[in-house]
>>> print(open('final35.cif').read())   # mmCIF, C-alpha atoms and all ligand atoms
data_protein
loop_
_atom_site.label_atom_id
_atom_site.label_comp_id
_atom_site.auth_asym_id
_atom_site.auth_seq_id
_atom_site.Cartn_x
_atom_site.Cartn_y
_atom_site.Cartn_z
CA MET A 1 94.04 117.16 104.11
CA GLU A 2 95.65 116.00 100.90
CA THR A 3 96.70 112.70 99.33
CA ILE A 4 99.60 112.39 96.90
CA LEU A 5 99.97 109.11 95.01
CA ILE A 6 103.44 107.71 94.48
CA GLN A 7 103.73 105.21 91.68
CA THR A 8 106.96 103.29 91.21
CA PRO A 9 107.46 100.07 89.25
CA SER A 10 107.42 98.09 92.50
CA LYS A 11 104.59 99.83 94.39
CA LYS A 12 101.80 102.38 94.18
CA TYR A 13 101.01 104.03 97.51
CA PRO A 14 99.32 107.07 99.02
CA VAL A 15 100.92 109.79 101.11
CA HIS A 16 98.19 111.31 103.28
CA ILE A 17 99.18 114.73 104.63
CA GLY A 18 97.32 116.90 107.10
CA SER A 19 96.33 117.43 110.70
CA GLY A 20 94.52 114.38 112.03
CA VAL A 21 95.24 111.94 109.17
CA ILE A 22 96.41 109.37 111.71
CA GLU A 23 92.75 108.77 112.62
CA GLY A 24 92.37 106.92 109.30
CA LEU A 25 95.25 104.49 109.88
CA SER A 26 93.45 101.80 111.87
CA SER A 27 90.59 101.35 109.41
CA TYR A 28 93.08 101.35 106.49
CA LEU A 29 95.08 98.55 108.12
CA ILE A 30 92.01 96.46 108.89
CA LYS A 31 90.71 96.88 105.35
CA SER A 32 93.99 96.42 103.48
CA PHE A 33 95.53 93.71 105.68
CA PRO A 34 92.53 91.64 106.87
CA SER A 35 94.68 88.74 108.08
CA ILE A 36 97.29 90.89 109.82
CA THR A 37 98.99 89.10 112.76
CA ASN A 38 100.46 92.08 114.58
CA VAL A 39 102.21 95.42 114.04
CA MET A 40 105.74 96.12 115.25
CA ILE A 41 106.04 99.84 115.92
CA ILE A 42 109.63 101.05 115.72
CA THR A 43 110.07 104.48 117.24
CA ASP A 44 112.69 106.47 119.13
CA GLU A 45 112.92 107.63 122.75
CA ASN A 46 111.74 111.18 122.11
CA VAL A 47 108.81 110.26 119.90
CA ALA A 48 107.83 107.43 122.24
CA ASP A 49 107.67 109.82 125.21
CA LEU A 50 105.57 112.28 123.28
CA TYR A 51 103.22 110.17 121.18
CA LEU A 52 103.53 106.38 121.48
CA ASN A 53 100.48 106.00 123.74
CA LYS A 54 98.42 108.06 121.36
CA LEU A 55 99.46 105.95 118.38
CA VAL A 56 98.80 102.65 120.19
CA ASN A 57 95.37 103.91 121.27
CA THR A 58 94.63 104.96 117.71
CA LEU A 59 95.39 101.45 116.50
CA ALA A 60 92.84 100.17 119.07
CA THR A 61 91.92 96.61 118.15
CA ILE A 62 95.13 95.85 116.24
CA ASP A 63 97.72 93.84 118.17
CA THR A 64 100.87 96.00 118.54
CA VAL A 65 104.34 95.50 119.95
CA SER A 66 106.68 98.50 120.27
CA TYR A 67 110.44 98.71 120.06
CA VAL A 68 112.03 101.97 121.20
CA VAL A 69 115.47 102.81 119.78
CA PRO A 70 117.89 105.64 120.64
CA SER A 71 117.02 108.91 118.95
CA GLY A 72 118.89 110.32 115.97
CA GLU A 73 121.71 108.68 114.03
CA LYS A 74 122.37 106.29 116.94
CA ALA A 75 119.37 104.36 115.61
CA LYS A 76 121.01 103.73 112.24
CA THR A 77 123.63 101.24 113.43
CA PHE A 78 124.17 97.57 112.80
CA ASP A 79 123.68 96.83 116.53
CA VAL A 80 120.29 98.52 116.70
CA TYR A 81 119.23 96.88 113.42
CA TYR A 82 120.18 93.48 114.84
CA GLN A 83 118.31 94.21 118.10
CA CYS A 84 115.17 95.06 116.11
CA LEU A 85 115.38 91.74 114.26
CA THR A 86 115.88 89.85 117.52
CA PHE A 87 112.84 91.58 119.02
CA ALA A 88 110.78 90.78 115.90
CA LEU A 89 111.68 87.10 116.22
CA GLN A 90 111.02 87.05 119.97
CA GLN A 91 107.61 88.65 119.40
CA LYS A 92 106.76 85.98 116.81
CA LEU A 93 106.31 88.36 113.91
CA ASP A 94 105.48 86.44 110.75
CA ARG A 95 104.84 87.22 107.10
CA LYS A 96 101.40 88.62 107.92
CA SER A 97 102.94 91.08 110.38
CA LEU A 98 103.70 94.65 109.51
CA VAL A 99 106.37 97.16 110.57
CA LEU A 100 105.32 100.71 111.38
CA ALA A 101 108.03 103.37 111.34
CA PHE A 102 107.05 106.09 113.80
CA GLY A 103 109.50 109.01 113.88
CA GLY A 104 111.87 111.01 111.75
CA GLY A 105 114.16 109.93 108.97
CA ALA A 106 116.50 107.95 111.20
CA VAL A 107 113.68 105.77 112.50
CA GLY A 108 112.16 105.51 109.01
CA ASP A 109 115.44 104.42 107.43
CA LEU A 110 116.09 101.85 110.16
CA ALA A 111 112.53 100.47 110.31
CA GLY A 112 112.26 100.27 106.54
CA PHE A 113 115.50 98.29 106.41
CA VAL A 114 114.21 95.95 109.14
CA ALA A 115 110.95 95.47 107.21
CA GLY A 116 112.74 94.99 103.90
CA THR A 117 115.03 92.26 105.23
CA PHE A 118 113.01 90.45 107.93
CA MET A 119 111.90 87.13 106.41
CA ARG A 120 113.01 88.69 103.06
CA GLY A 121 110.50 91.50 103.41
CA ILE A 122 107.26 92.21 105.22
CA PRO A 123 105.02 95.25 104.59
CA PHE A 124 105.71 98.55 106.29
CA ILE A 125 103.98 101.84 106.89
CA GLN A 126 105.63 105.21 107.42
CA VAL A 127 104.22 107.53 110.07
CA PRO A 128 106.69 110.44 109.87
CA THR A 129 107.04 113.01 112.64
CA THR A 130 109.64 115.47 111.30
CA ILE A 131 109.78 118.00 108.48
CA LEU A 132 112.76 116.17 107.08
CA ALA A 133 110.68 113.02 106.76
CA HIS A 134 108.67 114.51 103.87
CA ASP A 135 111.79 113.37 102.00
CA SER A 136 112.82 110.22 103.88
CA ALA A 137 109.37 108.63 104.18
CA VAL A 138 108.83 108.75 100.42
CA GLY A 139 110.77 106.88 97.76
CA GLY A 140 111.87 103.71 99.49
CA LYS A 141 115.55 104.33 100.21
CA VAL A 142 116.09 102.60 103.56
CA ALA A 143 119.49 102.08 105.16
CA ILE A 144 121.77 102.14 108.13
CA ASN A 145 125.18 103.83 108.36
CA HIS A 146 128.67 102.38 108.44
CA PRO A 147 131.46 104.28 110.24
CA LEU A 148 133.12 104.58 106.83
CA GLY A 149 130.10 106.02 105.07
CA LYS A 150 126.52 107.19 105.36
CA ASN A 151 123.62 104.87 104.36
CA MET A 152 126.06 102.26 103.10
CA ILE A 153 123.98 99.22 104.05
CA GLY A 154 120.43 99.22 102.77
CA VAL A 155 117.86 98.36 100.13
CA PHE A 156 115.19 100.02 98.04
CA TYR A 157 111.93 99.04 99.71
CA GLN A 158 108.74 101.06 99.34
CA PRO A 159 106.18 101.52 102.13
CA GLU A 160 102.54 100.48 101.71
CA ALA A 161 101.35 103.94 102.74
CA VAL A 162 102.53 107.13 104.43
CA TYR A 163 100.39 108.81 107.12
CA TYR A 164 101.91 112.26 107.62
CA ASP A 165 99.98 113.82 110.48
CA LEU A 166 101.12 117.42 110.88
CA ASN A 167 99.91 117.51 114.51
CA PHE A 168 103.00 115.47 115.41
CA LEU A 169 105.27 118.19 114.00
CA LYS A 170 104.15 120.79 116.55
CA SER A 171 106.68 119.62 119.15
CA LEU A 172 109.71 119.81 116.84
CA PRO A 173 112.59 121.88 118.25
CA LEU A 174 113.81 124.72 116.03
CA ARG A 175 117.03 122.88 115.15
CA GLU A 176 115.03 119.95 113.79
CA LYS A 177 112.73 122.25 111.82
CA ARG A 178 115.81 123.81 110.29
CA SER A 179 117.38 120.48 109.49
CA GLY A 180 114.20 119.25 107.82
CA PHE A 181 113.64 122.42 105.86
CA ALA A 182 116.98 121.94 104.11
CA GLU A 183 115.42 119.19 101.99
CA VAL A 184 112.46 121.45 101.13
CA ILE A 185 114.94 124.03 99.80
CA LYS A 186 116.75 121.25 97.92
CA HIS A 187 113.53 120.17 96.21
CA GLY A 188 112.97 123.75 95.02
CA LEU A 189 116.53 124.13 93.75
CA ILE A 190 116.61 120.92 91.72
CA GLN A 191 113.19 121.09 90.15
CA ASP A 192 111.09 124.18 90.59
CA VAL A 193 112.35 127.74 90.22
CA SER A 194 109.00 129.31 91.09
CA PHE A 195 108.77 127.28 94.31
CA TYR A 196 112.34 128.30 95.16
CA GLU A 197 111.46 131.97 94.58
CA TRP A 198 108.31 131.57 96.66
CA LEU A 199 110.45 130.23 99.50
CA LEU A 200 112.84 133.20 99.31
CA GLU A 201 109.96 135.62 99.34
CA HIS A 202 107.76 134.07 102.03
CA ILE A 203 109.94 132.14 104.50
CA HIS A 204 111.89 134.48 106.78
CA SER A 205 111.96 132.38 109.94
CA LEU A 206 111.51 128.68 110.59
CA ASP A 207 110.13 129.26 114.07
CA ASP A 208 106.88 130.83 113.01
CA LEU A 209 105.95 128.85 109.91
CA THR A 210 102.20 128.81 109.57
CA GLU A 211 100.44 125.49 109.18
CA GLU A 212 99.42 126.60 105.70
CA GLN A 213 103.01 127.37 104.69
CA LEU A 214 104.25 124.13 106.16
CA SER A 215 101.71 121.89 104.48
CA TYR A 216 102.28 123.67 101.15
CA CYS A 217 106.07 123.17 101.40
CA LEU A 218 105.80 119.53 102.41
CA ALA A 219 103.28 118.70 99.70
CA ARG A 220 105.37 120.50 97.08
CA GLY A 221 108.51 118.65 98.19
CA ILE A 222 106.75 115.28 98.15
CA THR A 223 105.27 115.94 94.71
CA ILE A 224 108.69 116.84 93.30
CA LYS A 225 110.32 113.82 94.90
CA GLY A 226 107.47 111.51 93.87
CA ALA A 227 107.75 112.55 90.22
CA ILE A 228 111.47 111.78 90.19
CA VAL A 229 111.19 108.48 92.05
CA SER A 230 108.36 107.27 89.84
CA GLN A 231 110.63 107.64 86.79
CA ASP A 232 113.77 106.19 88.36
CA GLU A 233 113.05 104.09 91.44
CA LYS A 234 116.51 102.59 91.85
CA GLU A 235 118.70 105.55 90.90
CA SER A 236 119.99 104.54 87.52
CA GLY A 237 119.74 108.16 86.37
CA ILE A 238 117.73 111.21 87.42
CA ARG A 239 117.04 110.07 90.98
CA ALA A 240 120.64 111.00 91.77
CA PHE A 241 119.61 114.68 91.42
CA LEU A 242 117.90 114.27 94.82
CA ASN A 243 121.46 114.07 96.09
CA LEU A 244 122.19 117.78 95.54
CA GLY A 245 124.39 118.81 98.47
CA HIS A 246 124.85 115.24 99.67
CA THR A 247 128.31 114.47 98.24
CA LEU A 248 129.91 116.90 100.69
CA GLY A 249 126.99 116.71 103.15
CA HIS A 250 127.33 112.99 103.84
CA ALA A 251 131.12 113.36 104.15
CA ILE A 252 130.65 116.11 106.75
CA GLU A 253 128.20 113.96 108.74
CA ALA A 254 130.54 110.97 108.75
CA GLU A 255 133.67 113.00 109.51
CA ALA A 256 132.10 115.06 112.29
CA GLY A 257 130.66 111.89 113.86
CA TYR A 258 127.08 110.91 113.00
CA GLY A 259 124.61 113.19 114.74
CA GLU A 260 127.08 115.97 115.59
CA ILE A 261 126.05 117.92 112.50
CA SER A 262 122.55 116.97 111.47
CA HIS A 263 121.70 115.70 108.00
CA GLY A 264 119.95 118.89 106.93
CA GLU A 265 122.67 121.14 108.37
CA ALA A 266 125.30 119.21 106.41
CA VAL A 267 123.21 119.19 103.21
CA ILE A 268 122.85 122.98 103.29
CA ILE A 269 126.64 123.38 103.43
CA GLY A 270 126.94 120.80 100.65
CA MET A 271 124.40 122.61 98.48
CA VAL A 272 126.11 126.00 98.81
CA PHE A 273 129.40 124.29 97.91
CA ALA A 274 127.82 122.55 94.89
CA LEU A 275 126.34 125.83 93.67
CA GLN A 276 129.77 127.48 93.82
CA ILE A 277 131.20 124.61 91.77
CA SER A 278 128.26 125.05 89.38
CA SER A 279 129.29 128.65 88.79
CA ASP A 280 132.94 127.71 88.18
CA LYS A 281 132.30 124.71 85.96
CA LEU A 282 128.99 125.45 84.25
CA GLY A 283 128.78 129.23 84.29
CA PHE A 284 125.71 129.03 86.51
CA THR A 285 124.76 132.66 86.98
CA PHE A 286 123.18 133.05 90.32
CA ASN A 287 122.94 135.44 93.21
CA HIS A 288 124.95 133.46 95.77
CA GLU A 289 125.00 136.32 98.28
CA LYS A 290 121.21 136.44 98.28
CA LEU A 291 120.91 132.70 98.90
CA VAL A 292 123.62 132.63 101.58
CA SER A 293 122.23 135.62 103.44
CA TRP A 294 118.72 134.08 103.36
CA LEU A 295 120.11 130.78 104.66
CA ASN A 296 122.03 132.60 107.41
CA GLN A 297 118.86 134.51 108.31
CA LEU A 298 117.13 131.13 108.73
CA GLY A 299 119.96 130.12 111.07
CA TYR A 300 121.99 127.82 108.81
CA ASP A 301 125.77 127.66 108.75
CA THR A 302 126.92 127.74 105.15
CA GLU A 303 130.60 126.82 105.50
CA VAL A 304 132.48 123.71 106.54
CA PRO A 305 133.44 123.62 110.24
CA SER A 306 137.17 124.28 110.27
CA HIS A 307 138.03 121.42 112.63
CA LEU A 308 137.24 118.98 109.81
CA SER A 309 140.16 117.85 107.65
CA VAL A 310 139.83 118.68 103.97
CA GLU A 311 141.82 115.58 103.00
CA ARG A 312 139.64 113.30 105.11
CA LEU A 313 136.49 114.86 103.67
CA LEU A 314 137.84 114.10 100.21
CA GLU A 315 138.48 110.48 101.21
CA LYS A 316 134.91 110.18 102.46
CA MET A 317 133.57 111.73 99.25
CA LYS A 318 135.49 109.17 97.22
CA GLN A 319 133.53 106.46 99.04
CA ASP A 320 130.21 108.10 98.18
CA LYS A 321 127.79 105.77 96.39
CA LYS A 322 127.78 108.06 93.36
CA SER A 323 131.55 107.88 92.86
CA VAL A 324 132.66 106.34 89.62
CA GLY A 325 136.00 104.64 90.08
CA GLN A 326 137.80 107.12 92.28
CA THR A 327 136.20 110.22 90.74
CA VAL A 328 133.94 112.18 93.05
CA GLN A 329 130.59 113.09 91.50
CA PHE A 330 128.59 116.20 92.33
CA VAL A 331 125.05 117.18 91.44
CA LEU A 332 125.45 120.67 89.95
CA LEU A 333 122.97 123.16 88.54
CA LYS A 334 123.04 124.68 85.07
CA GLU A 335 120.10 126.79 86.20
CA ILE A 336 117.73 126.47 89.12
CA GLY A 337 115.62 123.46 88.20
CA GLN A 338 118.25 122.08 85.79
CA PRO A 339 120.52 119.66 87.61
CA VAL A 340 123.38 117.70 86.03
CA MET A 341 125.87 115.18 87.40
CA MET A 342 129.57 115.86 86.97
CA GLY A 343 132.84 114.21 87.99
CA ILE A 344 135.23 116.68 89.62
CA ASP A 345 138.96 116.23 90.07
CA ASP A 346 140.57 115.93 93.49
CA ASP A 347 142.88 118.98 93.31
CA TYR A 348 140.03 121.29 92.44
CA ILE A 349 137.91 119.90 95.33
CA VAL A 350 140.71 120.26 97.88
CA ASN A 351 141.50 123.85 96.87
CA LYS A 352 137.86 124.82 96.79
CA LEU A 353 137.23 123.23 100.19
CA LYS A 354 140.17 125.09 101.74
CA GLY A 355 138.47 128.34 100.80
CA PHE A 356 135.21 127.04 102.15
CA LEU A 357 136.25 126.44 105.76
CA LYS A 358 134.45 128.51 108.34
CA THR A 359 136.67 131.46 109.24
CA GLY A 360 137.34 132.57 112.81
CA GLU A 361 137.14 129.01 114.15
CA GLU A 362 140.78 128.00 114.03
N1 LIG B 1 115.55 107.59 102.98
C1 LIG B 1 115.63 108.79 102.46
O1 LIG B 1 115.24 109.04 101.31
C2 LIG B 1 116.16 109.92 103.30
C3 LIG B 1 115.96 111.24 102.88
C4 LIG B 1 116.46 112.27 103.68
C5 LIG B 1 117.11 111.95 104.89
N2 LIG B 1 117.24 110.66 105.25
C6 LIG B 1 117.85 110.33 106.55
O2 LIG B 1 116.98 110.83 107.56
C7 LIG B 1 117.75 111.10 108.74
C8 LIG B 1 117.41 112.46 109.28
O3 LIG B 1 116.02 112.52 109.52
P1 LIG B 1 115.41 113.40 110.69
O4 LIG B 1 116.02 114.74 110.71
O5 LIG B 1 113.95 113.27 110.63
O6 LIG B 1 116.08 112.67 111.89
P2 LIG B 1 115.68 111.90 113.20
O7 LIG B 1 114.78 110.76 112.94
O8 LIG B 1 116.97 111.62 113.87
O9 LIG B 1 114.87 112.99 114.04
C9 LIG B 1 115.55 114.13 114.49
C10 LIG B 1 115.33 114.36 116.00
O10 LIG B 1 114.01 114.83 116.19
C11 LIG B 1 113.35 114.06 117.19
N3 LIG B 1 111.94 114.06 116.84
C12 LIG B 1 111.36 113.37 115.84
N4 LIG B 1 110.06 113.71 115.75
C13 LIG B 1 109.82 114.62 116.72
C14 LIG B 1 108.68 115.36 117.10
N5 LIG B 1 107.55 115.25 116.45
N6 LIG B 1 108.80 116.21 118.13
C15 LIG B 1 109.99 116.37 118.77
N7 LIG B 1 111.11 115.71 118.45
C16 LIG B 1 111.02 114.85 117.42
C17 LIG B 1 114.03 112.72 117.14
O11 LIG B 1 113.88 112.02 118.35
C18 LIG B 1 115.48 113.11 116.86
O12 LIG B 1 116.12 113.47 118.06
C19 LIG B 1 119.19 110.97 108.34
O13 LIG B 1 119.70 109.74 108.80
C20 LIG B 1 119.17 110.98 106.83
O14 LIG B 1 120.24 110.27 106.27
C21 LIG B 1 116.77 109.65 104.49
O1 LIG B 2 115.69 109.71 97.87
C1 LIG B 2 116.78 109.96 97.36
O2 LIG B 2 117.17 109.41 96.32
C2 LIG B 2 117.70 110.93 98.00
O3 LIG B 2 118.83 111.05 97.59
C3 LIG B 2 117.17 111.74 99.12
C4 LIG B 2 118.23 112.24 100.08
O4 LIG B 2 117.73 113.44 100.66
C5 LIG B 2 118.50 111.29 101.23
O5 LIG B 2 119.36 111.89 102.14
C6 LIG B 2 118.98 109.90 100.87
O6 LIG B 2 118.98 109.06 102.00
C7 LIG B 2 120.37 109.89 100.32
O7 LIG B 2 120.61 108.66 99.76
P1 LIG B 2 122.05 108.09 99.45
O8 LIG B 2 121.81 107.06 98.41
O9 LIG B 2 122.90 109.22 98.98
O10 LIG B 2 122.58 107.54 100.71
ZN ZN B 3 118.97 114.01 102.28
#
>>> encode(input="final35.cif", output="structure tokens", more="lines below")
Ligand SMILES: NC(=O)c1ccc[n+]([C@@H]2O[C@H](COP(=O)([O-])OP(=O)(O)OC[C@H]3O[C@@H](n4cnc5c(N)ncnc54)[C@H](O)[C@@H]3O)[C@@H](O)[C@H]2O)c1
Ligand SMILES: O=C(O)C(=O)C[C@@H](O)[C@H](O)[C@H](O)COP(=O)(O)O
Ligand SMILES: [Zn+2]
Amino acid sequence: METILIQTPSKKYPVHIGSGVIEGLSSYLIKSFPSITNVMIITDENVADLYLNKLVNTLATIDTVSYVVPSGEKAKTFDVYYQCLTFALQQKLDRKSLVLAFGGGAVGDLAGFVAGTFMRGIPFIQVPTTILAHDSAVGGKVAINHPLGKNMIGVFYQPEAVYYDLNFLKSLPLREKRSGFAEVIKHGLIQDVSFYEWLLEHIHSLDDLTEEQLSYCLARGITIKGAIVSQDEKESGIRAFLNLGHTLGHAIEAEAGYGEISHGEAVIIGMVFALQISSDKLGFTFNHEKLVSWLNQLGYDTEVPSHLSVERLLEKMKQDKKSVGQTVQFVLLKEIGQPVMMGIDDDYIVNKLKGFLKTGEE
């Protein structure tokens, strides 16, 4: 069991990681929120089936109401957000109530946005259940999607605490492990060459990760993210480096239809693309073949599905939150651990993307 402290200008909070940490949640809530009215648990269908009873039992004497949303990106819609607010009002939540996000990144992003906007903000707790959520549960970016762009409607709103109980992760399907591990790899690439090399050397399959390996990777990722977020909570500078792979990744998710290609799957393709641009534009010397063959061994696709239109992907990238005017911005690497932000012109992107479509699919 391990606790990592995140300290941003707006909030200092602990991330408790380990098997069984959930057992400490009830006493923490009673101690830290002595006049709590009730807790609204927001979770999704899959997590509710697997673990909602356990969580409610764990919270024992605390009054809870639960709202179950569709799983995956279907949770991050304006309709579902509105339904959550309606339920909160019907259940008489007040300013002494608390929202508890119980699930992966989709649930966390939705629930955090509900908490951050209900009555102008009530406290919330993250109880993540996916590997990916080592990223999403930390740092306070909470948002829903718009058909025109990913995470376009949201706020920065930090949780009070994160209880990351690794027992919940045991039921994750392989595809979800893979999706979540993409952000672990990202954290290594942007900040920590020795962690990245450790990953290449030790992780050969995502299906038989040991608990030790998993908790090391999650803690390392959270520490890297926490250090960045504590210096730049609202992304006026270095926080944007956490977006490596996301300029193209988010465009792929939106173009394919949210949920068709998962966040992590899209980010991996986006990272490989960004590293190729890094070589062209910054002379980044790097063994691409080694990275790509490792990623393929782990089961990732590393090229853009060929049914997606290059021109439409470019349009989506222009709407990215990082764009300046109409210039698409990419996080690139000078070296592993040395990210930079760079505007890239449209013609270059289109030509590069054409050579980056998955072959044999047309
Ligand atoms: N806010 C941030 O900083 C941030 C960071 C990274 C990603 N994100 C967002 O997070 C989302 C992706 O997160 P995710 O991959 O966790 O997605 P998710 O919440 O959709 O979960 C993925 C799938 O796994 C299922 N699931 C969750 N926990 C499970 C468990 N323990 N056992 C079995 N199944 C389980 C879910 O029901 C869902 O079907 C994206 O919307 C992405 O944009 C946000
Ligand atoms: O926390 C951050 O900052 C990140 O960029 C982490 C990303 O992994 C995450 O996908 C985030 O939701 C992307 O944010 P966005 O501002 O690009 O929508
Ligand atoms: Zn991400």
>>> atom_distance(input="final35.cif", atom1="atom N5 of ligand LIG 1 (chain B)", atom2="atom CA of A:Leu89")
28.5 Å
>>> atom_distance(input="final35.cif", atom1="atom CA of A:Ile336", atom2="atom CA of A:Leu189")
5.3 Å
>>> residues_near_ligand(input="final35.cif", ligand="ligand LIG 2 (chain B)", cutoff="6 Å", atoms="only C-alpha atoms and all ligand atoms", output="list in words")
Gly139, Lys141, Asn151, Arg239, Ala240, Leu242 and Asn243 of chain A
>>> closest_atom_pairs(input="final35.cif", of="chain A", to="ligand LIG 1 (chain B)", cutoff="8 Å", atoms="all atoms listed in the file", output="tab-separated table")
residue	atom	partner	partner_atom	distance
A:Asp44	CA	B:LIG1	O11	5.7
A:Glu45	CA	B:LIG1	O11	6.3
A:Asn46	CA	B:LIG1	O11	4.4
A:Val47	CA	B:LIG1	C13	5.5
A:Leu50	CA	B:LIG1	N6	7.2
A:Pro70	CA	B:LIG1	O11	7.9
A:Ser71	CA	B:LIG1	O11	4.5
A:Gly72	CA	B:LIG1	O8	3.1
A:Glu73	CA	B:LIG1	O8	5.6
A:Ala75	CA	B:LIG1	O8	7.8
A:Lys76	CA	B:LIG1	O13	7.0
A:Gly103	CA	B:LIG1	N4	5.1
A:Gly104	CA	B:LIG1	O7	3.2
A:Gly105	CA	B:LIG1	O3	3.2
A:Ala106	CA	B:LIG1	O7	3.7
A:Val107	CA	B:LIG1	O7	5.1
A:Gly108	CA	B:LIG1	O7	7.1
A:Asp109	CA	B:LIG1	N1	5.5
A:Pro128	CA	B:LIG1	N4	7.5
A:Thr129	CA	B:LIG1	N4	4.4
A:Thr130	CA	B:LIG1	N4	4.8
A:Ile131	CA	B:LIG1	O5	6.7
A:Leu132	CA	B:LIG1	O5	4.7
A:Ala133	CA	B:LIG1	O5	5.1
A:Asp135	CA	B:LIG1	C3	4.8
A:Ser136	CA	B:LIG1	C2	3.4
A:Ala137	CA	B:LIG1	N1	6.4
A:Val138	CA	B:LIG1	O1	6.5
A:Gly139	CA	B:LIG1	O1	6.1
A:Gly140	CA	B:LIG1	N1	6.4
A:Lys141	CA	B:LIG1	N1	4.3
A:Val142	CA	B:LIG1	N1	5.1
A:Ala143	CA	B:LIG1	N1	7.1
A:Ile144	CA	B:LIG1	O13	7.9
A:Lys150	CA	B:LIG1	O14	7.1
A:Asn151	CA	B:LIG1	O14	6.7
A:Phe168	CA	B:LIG1	N5	4.7
A:Leu169	CA	B:LIG1	N5	4.5
A:Lys170	CA	B:LIG1	N5	6.5
A:Ser171	CA	B:LIG1	N6	4.1
A:Leu172	CA	B:LIG1	N6	3.9
A:Pro173	CA	B:LIG1	C15	6.1
A:Glu176	CA	B:LIG1	O10	5.7
A:Ser179	CA	B:LIG1	O4	6.0
A:Gly180	CA	B:LIG1	O4	5.7
A:Glu183	CA	B:LIG1	C4	7.2
A:His250	CA	B:LIG1	O14	8.0
A:Gly259	CA	B:LIG1	O8	7.8
A:Ser262	CA	B:LIG1	O4	6.9
A:His263	CA	B:LIG1	C19	5.4
A:Gly264	CA	B:LIG1	O4	6.9
>>> closest_residue(input="final35.cif", among="A:Tyr258, A:Phe181, A:Tyr13, A:Tyr216", to="ligand ZN 3 (chain B)", atoms="all atoms listed in the file")
A:Phe181
>>> atom_distance(input="final35.cif", atom1="atom CA of A:Ile349", atom2="atom CA of A:Ala274")
10.4 Å
>>> residues_near_point(input="final35.cif", point="(112.8, 100.9, 115.1)", cutoff="7 Å", atoms="all atoms listed in the file", output="PyMOL selection string")
chain A and resi 41-44+67-69+84+101+107+110-111
>>> closest_residue(input="final35.cif", among="A:Leu298, A:Ala182, A:Ala219, A:Val304", to="A:Lys358", atoms="all atoms listed in the file")
A:Val304
>>> residues_near_point(input="final35.cif", point="(138.6, 120.5, 102.8)", cutoff="8 Å", atoms="all atoms listed in the file", output="MDAnalysis selection string")
chainID A and resid 304 308:314 349:354 356:357
>>> residues_around(input="final35.cif", residues="A:Lys321", least_positions_apart="2", cutoff="8 Å", atoms="all atoms listed in the file", output="PyMOL selection string")
chain A and resi 152+319+323
>>> closest_residue(input="final35.cif", among="A:Val162, A:Val267, A:Leu98, A:Ala88", to="ligand ZN 3 (chain B)", atoms="only C-alpha atoms and all ligand atoms")
A:Val267
>>> closest_residue(input="final35.cif", among="A:Asp165, A:Glu265, A:Glu212, A:Glu2", to="ligand ZN 3 (chain B)", atoms="all atoms listed in the file")
A:Glu265
>>> axis_aligned_box(input="final35.cif", around="stretch 11-18 of chain A", padding_each_side="5 Å", output="lines of an AutoDock Vina configuration file")
center_x = 101.0
center_y = 108.4
center_z = 100.6
size_x = 17.3
size_y = 27.1
size_z = 22.9
>>> closest_residue(input="final35.cif", among="A:His307, A:Arg120, A:Lys334, A:His134", to="ligand ZN 3 (chain B)", atoms="all atoms listed in the file")
A:His134
>>> residues_around(input="final35.cif", residues="A:Gly20", least_positions_apart="3", cutoff="12 Å", atoms="all atoms listed in the file", output="PyMOL selection string")
chain A and resi 1-2+16-17+23-25+54-55+58+163-169
>>> closest_residue(input="final35.cif", among="A:Glu253, A:Asp301, A:Glu197, A:Asp94", to="ligand ZN 3 (chain B)", atoms="all atoms listed in the file")
A:Glu253
>>> residues_around(input="final35.cif", residues="A:Ile62", least_positions_apart="4", cutoff="10 Å", atoms="all atoms listed in the file", output="ChimeraX atom specification")
/A:26-27,29-30,36-39,56-58
